[in-house]
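Text of input06.txt, listed as compact mmCIF, C-alpha atoms and all ligand atoms:
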```
# COMPACT_ATOMS: atom_id res chain seq x y z
CA MET A 1 106.49 120.16 89.74
CA LYS A 2 106.88 116.38 89.38
CA ILE A 3 106.10 114.11 92.35
CA ALA A 4 107.53 110.61 92.91
CA ILE A 5 106.43 107.82 95.25
CA ILE A 6 109.32 105.58 96.34
CA THR A 7 108.83 102.46 98.44
CA GLY A 8 111.64 101.60 100.84
CA GLY A 9 112.99 105.14 100.82
CA SER A 10 114.39 104.91 104.35
CA ASN A 11 117.48 102.91 103.38
CA GLY A 12 119.87 101.90 100.64
CA ILE A 13 118.86 102.28 97.00
CA GLY A 14 115.45 103.83 97.78
CA ARG A 15 117.03 106.41 100.08
CA ALA A 16 119.64 107.34 97.46
CA THR A 17 116.91 107.59 94.81
CA ALA A 18 114.81 109.88 97.00
CA LEU A 19 117.84 112.14 97.54
CA GLU A 20 118.77 112.12 93.84
CA LEU A 21 115.22 113.03 92.77
CA GLY A 22 115.11 115.80 95.38
CA LYS A 23 118.34 117.24 93.94
CA ARG A 24 116.71 117.17 90.50
CA GLY A 25 113.78 119.27 91.74
CA ILE A 26 111.31 116.39 92.11
CA SER A 27 109.16 116.18 95.24
CA VAL A 28 109.11 112.84 97.01
CA ILE A 29 106.68 110.69 98.96
CA LEU A 30 108.89 107.99 100.42
CA THR A 31 107.87 105.00 102.50
CA TYR A 32 109.53 103.22 105.38
CA HIS A 33 108.82 99.94 107.12
CA ASN A 34 110.85 99.70 110.35
CA TYR A 35 112.99 102.84 110.29
CA LYS A 36 110.83 105.95 110.66
CA ASP A 37 113.80 107.91 112.03
CA ARG A 38 115.91 107.18 108.94
CA ALA A 39 112.99 108.12 106.67
CA GLU A 40 112.56 111.43 108.49
CA GLU A 41 116.28 112.11 108.11
CA VAL A 42 115.91 111.59 104.33
CA VAL A 43 112.98 114.03 104.30
CA ARG A 44 115.04 116.67 106.11
CA GLU A 45 117.94 116.17 103.70
CA ILE A 46 115.69 116.51 100.62
CA GLU A 47 114.01 119.63 101.96
CA LYS A 48 117.35 121.43 102.18
CA ASN A 49 116.42 122.14 98.56
CA LYS A 50 113.74 124.75 99.24
CA ASP A 51 112.13 124.14 95.83
CA VAL A 52 110.86 120.67 96.74
CA ARG A 53 108.78 119.00 99.45
CA ALA A 54 109.12 115.50 100.86
CA ILE A 55 107.11 113.37 103.26
CA ALA A 56 107.54 109.89 104.73
CA LEU A 57 104.65 107.43 105.18
CA LYS A 58 104.66 103.95 106.70
CA LEU A 59 103.99 101.05 104.35
CA ASP A 60 104.24 97.31 104.84
CA LEU A 61 104.44 95.60 101.45
CA THR A 62 103.40 92.27 102.98
CA GLN A 63 99.98 93.74 103.88
CA ALA A 64 98.28 94.17 100.51
CA GLU A 65 94.91 94.71 102.18
CA SER A 66 96.30 97.96 103.67
CA PHE A 67 97.15 99.50 100.28
CA GLU A 68 93.78 101.22 99.78
CA ALA A 69 94.20 103.03 103.10
CA PHE A 70 97.78 103.92 102.13
CA ALA A 71 96.52 105.30 98.80
CA ASN A 72 93.96 107.41 100.64
CA ASP A 73 96.72 108.85 102.84
CA VAL A 74 98.75 109.66 99.71
CA LYS A 75 95.73 111.38 98.11
CA GLU A 76 95.21 113.50 101.25
CA GLU A 77 98.86 114.58 101.24
CA LEU A 78 98.80 115.36 97.52
CA LYS A 79 95.79 117.58 98.06
CA SER A 80 97.02 119.40 101.15
CA ILE A 81 100.70 119.87 100.23
CA TRP A 82 100.76 120.01 96.42
CA LYS A 83 97.13 120.90 95.57
CA ARG A 84 97.07 117.96 93.19
CA THR A 85 95.01 114.82 92.73
CA THR A 86 97.73 112.95 90.82
CA TYR A 87 101.46 112.22 90.98
CA ASP A 88 104.00 111.35 88.27
CA TYR A 89 106.46 108.59 89.16
CA LEU A 90 106.42 105.31 91.10
CA VAL A 91 109.55 103.44 92.18
CA ASN A 92 108.74 99.92 93.43
CA ASN A 93 111.99 99.51 95.32
CA GLY A 94 111.26 98.17 98.84
CA GLY A 95 112.30 94.56 99.29
CA VAL A 96 113.87 91.93 101.51
CA GLY A 97 116.45 89.23 100.88
CA GLY A 98 118.33 86.55 102.75
CA PRO A 99 119.28 83.04 101.66
CA CYS A 100 117.38 79.82 102.38
CA PRO A 101 118.33 76.43 100.88
CA ILE A 102 115.44 74.49 99.34
CA ASP A 103 115.64 71.63 101.84
CA GLU A 104 115.20 74.10 104.73
CA MET A 105 112.46 76.20 103.10
CA SER A 106 109.54 77.19 105.33
CA HIS A 107 106.17 78.58 104.28
CA GLU A 108 106.94 81.64 106.40
CA TYR A 109 110.17 82.36 104.50
CA PHE A 110 108.54 81.82 101.10
CA ASP A 111 105.55 84.03 101.94
CA ARG A 112 107.74 86.84 103.30
CA ILE A 113 109.93 86.99 100.19
CA MET A 114 106.98 86.57 97.85
CA ASN A 115 104.68 89.10 99.52
CA THR A 116 107.33 91.79 99.92
CA ASN A 117 109.14 91.44 96.60
CA TYR A 118 106.40 90.30 94.21
CA LYS A 119 102.79 90.44 95.39
CA GLY A 120 103.33 93.77 97.18
CA PRO A 121 104.68 95.75 94.19
CA ILE A 122 101.97 94.34 91.90
CA PHE A 123 98.99 95.19 94.11
CA LEU A 124 100.52 98.52 95.11
CA THR A 125 100.92 99.40 91.44
CA LYS A 126 97.29 98.43 90.85
CA VAL A 127 96.09 100.80 93.56
CA LEU A 128 98.50 103.68 92.90
CA THR A 129 98.23 103.81 89.10
CA SER A 130 94.53 104.67 89.41
CA PHE A 131 95.63 108.24 90.22
CA MET A 132 99.02 108.42 88.46
CA GLU A 133 99.24 111.16 85.83
CA ASP A 134 99.01 109.82 82.26
CA GLY A 135 102.50 109.98 80.75
CA GLY A 136 104.00 108.94 84.09
CA SER A 137 106.73 106.40 84.69
CA ILE A 138 107.30 103.34 86.87
CA VAL A 139 110.61 101.68 87.76
CA ASN A 140 110.69 98.29 89.49
CA THR A 141 113.79 97.03 91.31
CA THR A 142 114.53 93.47 90.28
CA SER A 143 117.97 91.84 90.76
CA SER A 144 120.88 90.39 88.82
CA SER A 145 120.21 87.21 90.85
CA LYS A 146 117.42 86.46 88.36
CA ASN A 147 120.10 85.53 85.82
CA GLN A 148 122.56 83.85 88.18
CA THR A 149 122.55 81.21 90.91
CA PHE A 150 123.57 82.69 94.26
CA SER A 151 123.62 80.00 96.92
CA GLY A 152 120.29 79.89 98.79
CA TYR A 153 118.59 82.54 96.65
CA SER A 154 116.30 80.26 94.59
CA VAL A 155 113.05 81.87 95.75
CA TYR A 156 114.39 85.43 95.82
CA GLY A 157 116.01 85.11 92.37
CA SER A 158 113.02 83.44 90.74
CA LEU A 159 110.56 85.99 92.14
CA LYS A 160 112.77 88.84 90.91
CA ALA A 161 112.70 87.11 87.50
CA ALA A 162 108.90 87.04 87.79
CA LEU A 163 108.86 90.77 88.61
CA SER A 164 111.02 91.39 85.57
CA VAL A 165 108.56 89.52 83.32
CA TRP A 166 105.65 91.33 85.00
CA THR A 167 107.38 94.62 84.13
CA ARG A 168 106.96 93.79 80.42
CA TYR A 169 103.29 92.87 80.82
CA ALA A 170 102.61 96.01 82.85
CA ALA A 171 104.40 98.12 80.21
CA LYS A 172 101.99 96.80 77.60
CA GLU A 173 98.88 97.33 79.73
CA PHE A 174 99.80 100.89 80.68
CA ALA A 175 101.04 101.94 77.24
CA PRO A 176 97.63 103.38 76.18
CA ARG A 177 98.05 105.88 79.04
CA LYS A 178 101.66 106.60 77.90
CA ILE A 179 102.90 105.31 81.25
CA ARG A 180 106.32 103.69 80.85
CA VAL A 181 107.26 100.67 82.98
CA ASN A 182 110.90 99.62 83.30
CA ALA A 183 113.15 97.86 85.80
CA VAL A 184 116.69 98.02 87.13
CA SER A 185 118.54 94.86 88.18
CA PRO A 186 121.14 95.77 90.79
CA GLY A 187 124.20 93.58 91.05
CA PRO A 188 125.85 93.26 94.49
CA THR A 189 125.29 96.69 96.02
CA HIS A 190 126.58 97.84 99.42
CA THR A 191 123.43 98.82 101.32
CA ASN A 192 121.60 97.84 104.49
CA PHE A 193 120.18 94.78 102.66
CA GLY A 194 119.85 91.72 104.92
CA ASP A 195 119.60 94.01 107.98
CA GLY A 196 123.15 95.28 107.71
CA ALA A 197 124.70 91.88 106.86
CA MET A 198 127.23 93.50 104.48
CA ASP A 199 128.65 95.63 107.29
CA LYS A 200 128.49 92.81 109.85
CA TYR A 201 130.23 90.27 107.60
CA PRO A 202 132.58 92.23 105.29
CA GLU A 203 134.41 88.97 104.40
CA PHE A 204 131.45 88.12 102.12
CA LEU A 205 132.09 91.23 100.04
CA LYS A 206 135.59 90.23 98.84
CA PRO A 207 134.50 87.49 96.41
CA LEU A 208 131.68 89.69 95.10
CA ILE A 209 134.18 92.47 94.40
CA GLU A 210 136.53 90.03 92.67
CA GLN A 211 133.63 88.83 90.48
CA THR A 212 132.89 92.41 89.36
CA ALA A 213 134.60 93.75 86.24
CA PHE A 214 134.99 97.24 87.76
CA ASN A 215 136.45 95.63 90.92
CA ARG A 216 134.28 97.17 93.62
CA MET A 217 130.84 96.77 95.19
CA GLY A 218 128.04 98.83 93.68
CA THR A 219 126.77 101.76 95.70
CA ALA A 220 123.20 102.93 96.23
CA GLU A 221 124.13 106.05 94.23
CA ASP A 222 125.18 103.89 91.24
CA LEU A 223 121.57 102.70 91.16
CA SER A 224 119.80 105.93 92.05
CA LYS A 225 121.24 107.81 89.06
CA VAL A 226 120.00 105.12 86.66
CA ILE A 227 116.54 105.06 88.27
CA ALA A 228 116.26 108.86 88.13
CA ASN A 229 117.21 108.82 84.43
CA PHE A 230 114.81 105.97 83.68
CA LEU A 231 111.99 108.03 85.21
CA SER A 232 112.90 111.15 83.25
CA ASP A 233 111.72 112.22 79.81
CA ASP A 234 115.23 111.47 78.49
CA PHE A 235 114.02 107.85 78.48
CA GLY A 236 110.62 108.79 77.06
CA TRP A 237 110.87 106.24 74.23
CA VAL A 238 111.99 103.38 76.50
CA THR A 239 109.53 100.98 78.06
CA ALA A 240 109.41 97.28 79.09
CA GLN A 241 113.17 97.16 79.71
CA ASP A 242 115.11 95.69 82.63
CA ILE A 243 118.68 96.93 82.72
CA GLU A 244 121.41 95.32 84.83
CA VAL A 245 123.32 97.89 86.92
CA SER A 246 126.22 95.89 88.29
CA GLY A 247 129.59 97.23 87.09
CA GLY A 248 129.90 94.02 85.09
CA HIS A 249 129.22 91.40 87.75
CA LEU A 250 130.25 87.90 86.55
CA LEU A 251 131.10 89.34 83.15
N1 LIG B 301 121.71 95.46 97.78
C1 LIG B 301 121.79 94.56 96.83
O1 LIG B 301 122.87 93.94 96.64
C2 LIG B 301 120.62 94.28 95.93
C3 LIG B 301 120.85 93.47 94.81
C4 LIG B 301 119.79 93.21 93.97
C5 LIG B 301 118.54 93.75 94.21
N2 LIG B 301 118.35 94.53 95.31
C6 LIG B 301 116.98 95.06 95.51
O2 LIG B 301 117.04 96.46 95.69
C7 LIG B 301 115.92 96.89 96.48
C8 LIG B 301 116.42 97.80 97.59
O3 LIG B 301 117.30 97.05 98.44
P1 LIG B 301 118.49 97.73 99.25
O4 LIG B 301 119.73 97.02 98.86
O5 LIG B 301 118.44 99.20 99.14
O6 LIG B 301 118.12 97.22 100.72
P2 LIG B 301 117.91 98.00 102.12
O7 LIG B 301 119.02 98.97 102.33
O8 LIG B 301 117.72 96.90 103.12
O9 LIG B 301 116.56 98.77 101.92
C9 LIG B 301 115.35 98.06 101.78
C10 LIG B 301 114.17 99.01 101.90
O10 LIG B 301 112.96 98.23 101.80
C11 LIG B 301 112.12 98.53 102.92
N3 LIG B 301 111.34 97.36 103.31
C12 LIG B 301 111.76 96.19 103.83
N4 LIG B 301 110.72 95.38 104.12
C13 LIG B 301 109.61 96.06 103.76
C14 LIG B 301 108.21 95.79 103.83
N5 LIG B 301 107.73 94.63 104.32
N6 LIG B 301 107.35 96.73 103.39
C15 LIG B 301 107.80 97.92 102.89
N7 LIG B 301 109.11 98.25 102.81
C16 LIG B 301 109.99 97.32 103.24
C17 LIG B 301 113.08 98.94 104.03
O11 LIG B 301 112.38 99.75 104.99
P3 LIG B 301 112.96 99.93 106.51
O12 LIG B 301 114.46 100.03 106.38
O13 LIG B 301 112.31 101.19 107.00
O14 LIG B 301 112.52 98.73 107.28
C18 LIG B 301 114.14 99.72 103.25
O15 LIG B 301 113.76 101.06 103.09
C19 LIG B 301 115.24 95.61 96.99
O16 LIG B 301 114.09 95.35 96.21
C20 LIG B 301 116.27 94.53 96.76
O17 LIG B 301 115.68 93.27 96.53
C21 LIG B 301 119.36 94.81 96.16
```

Show how you would write the structure in this file as structure tokens.
Amino acid sequence: MKIAIITGGSNGIGRATALELGKRGISVILTYHNYKDRAEEVVREIEKNKDVRAIALKLDLTQAESFEAFANDVKEELKSIWKRTTYDYLVNNGGVGGPCPIDEMSHEYFDRIMNTNYKGPIFLTKVLTSFMEDGGSIVNTTSSSKNQTFSGYSVYGSLKAALSVWTRYAAKEFAPRKIRVNAVSPGPTHTNFGDGAMDKYPEFLKPLIEQTAFNRMGTAEDLSKVIANFLSDDFGWVTAQDIEVSGGHLL
């Protein structure tokens, strides 16, 4: 049985990916940051499929020094639940957003976006690939904002661009172990991103929908299906790619 680790599995795209993988018979170790209750609800939902197991662990991507302890917790769970010392897939999905114009930029804002969306996934990958099965697969979540200029998203967009470039470098470094590394770039996707801002301020969605060729917001499920396929052997000859999943945003 395949096992996937998904960061930010308590909400949005990570949650949908955890559920999709569960449906496909893949066991899941998902992480949460603030919402343990939501993560546990995802675990219960996945385990309705009696063929798979799921667990939720806390992880703060801004605390890279905690990743070794997190990895040790993962190893313990692998041993006790699955009788394994390795796992197969890693989805670096957890992230934070929110706009900030350059003339108002604080060190705190920069560090939060950078540590969660860039430094975190890199150092987590470093720690977790040491016991990933050879022939495994990694998917990073970047963003279509890396190719566009959303107002106030200069740091977020440029760090997602950096993560996209890093995906190519990582793909090369892990190729000798036949580990594939790819990325998905979501366009505007209706999730809990920005702490529920899309539900609180639905007026911001209208222009995004009008800018999208398929004339609606993306859903977490639009992304989760692509991520699940990217992880699978169907994409066994694909590495170092970053595919936009946006329904044709700003086409
Ligand atoms: N939605 C979009 O329009 C969009 C567009 C482009 C790219 N993306 C990217 O897609 C990914 C998923 O976003 P989403 O839309 O699904 O957002 P979401 O619904 O807000 O989910 C974000 C997830 O990341 C976790 N998280 C937040 N801060 C964290 C931290 N410090 N350490 C560990 N985990 C943390 C959250 O955990 P808790 O909920 O438990 O706190 C949550 O599970 C992100 O990388 C985001 O940048 C989203």

Write out as a ChimeraX atom specification each polymer residue whose atoms come within 12 Å of A:Val42, counting all atoms listed in the file; drop sequence neighbours fewer than 6 positions from it. /A:6,8-12,14-22,28-32,35-36,48,53-56

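Atom pair atom CA of A:Leu159 / atom CA of A:Ile102 has a distance of 14.4 Å (rounded to one decimal).
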
Selection near A:Leu208, 12 Å with all atoms listed in the file, sequence-local residues under 4 positions removed, as a compact mmCIF listing (two decimals) with C-alpha atoms, in the coordinates of the input:
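Listed below is the output, around-v1.txt:
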```txt
# COMPACT_ATOMS: atom_id res chain seq x y z
CA PHE A 150 123.57 82.69 94.26
CA GLY A 187 124.20 93.58 91.05
CA PRO A 188 125.85 93.26 94.49
CA THR A 189 125.29 96.69 96.02
CA HIS A 190 126.58 97.84 99.42
CA MET A 198 127.23 93.50 104.48
CA PRO A 202 132.58 92.23 105.29
CA GLU A 203 134.41 88.97 104.40
CA PHE A 204 131.45 88.12 102.12
CA THR A 212 132.89 92.41 89.36
CA ALA A 213 134.60 93.75 86.24
CA PHE A 214 134.99 97.24 87.76
CA ASN A 215 136.45 95.63 90.92
CA ARG A 216 134.28 97.17 93.62
CA MET A 217 130.84 96.77 95.19
CA GLY A 218 128.04 98.83 93.68
CA SER A 246 126.22 95.89 88.29
CA GLY A 247 129.59 97.23 87.09
CA GLY A 248 129.90 94.02 85.09
CA HIS A 249 129.22 91.40 87.75
CA LEU A 250 130.25 87.90 86.55
CA LEU A 251 131.10 89.34 83.15
```

Within 8 Å of ligand LIG 301 (chain B), counting all atoms listed in the file, which protein or nucleic acid residues do you find, written as a VMD selection string? chain A and resid 7 to 15 31 to 36 38 to 39 58 to 63 92 to 97 112 115 to 117 120 141 to 145 156 160 185 to 196 218 220

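Minimum distance to A:Leu78 across A:Met132, A:Val184, A:Glu244, A:Ala171 (counting all atoms listed in the file) occurs at A:Met132.
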
Please return, as an MDAnalysis selection string, all polymer residues that have at least one atom within 9 Å of the point (118.1, 123.8, 95.7); use all atoms listed in the file and the file's own coordinate frame. chainID A and resid 22:25 47:52
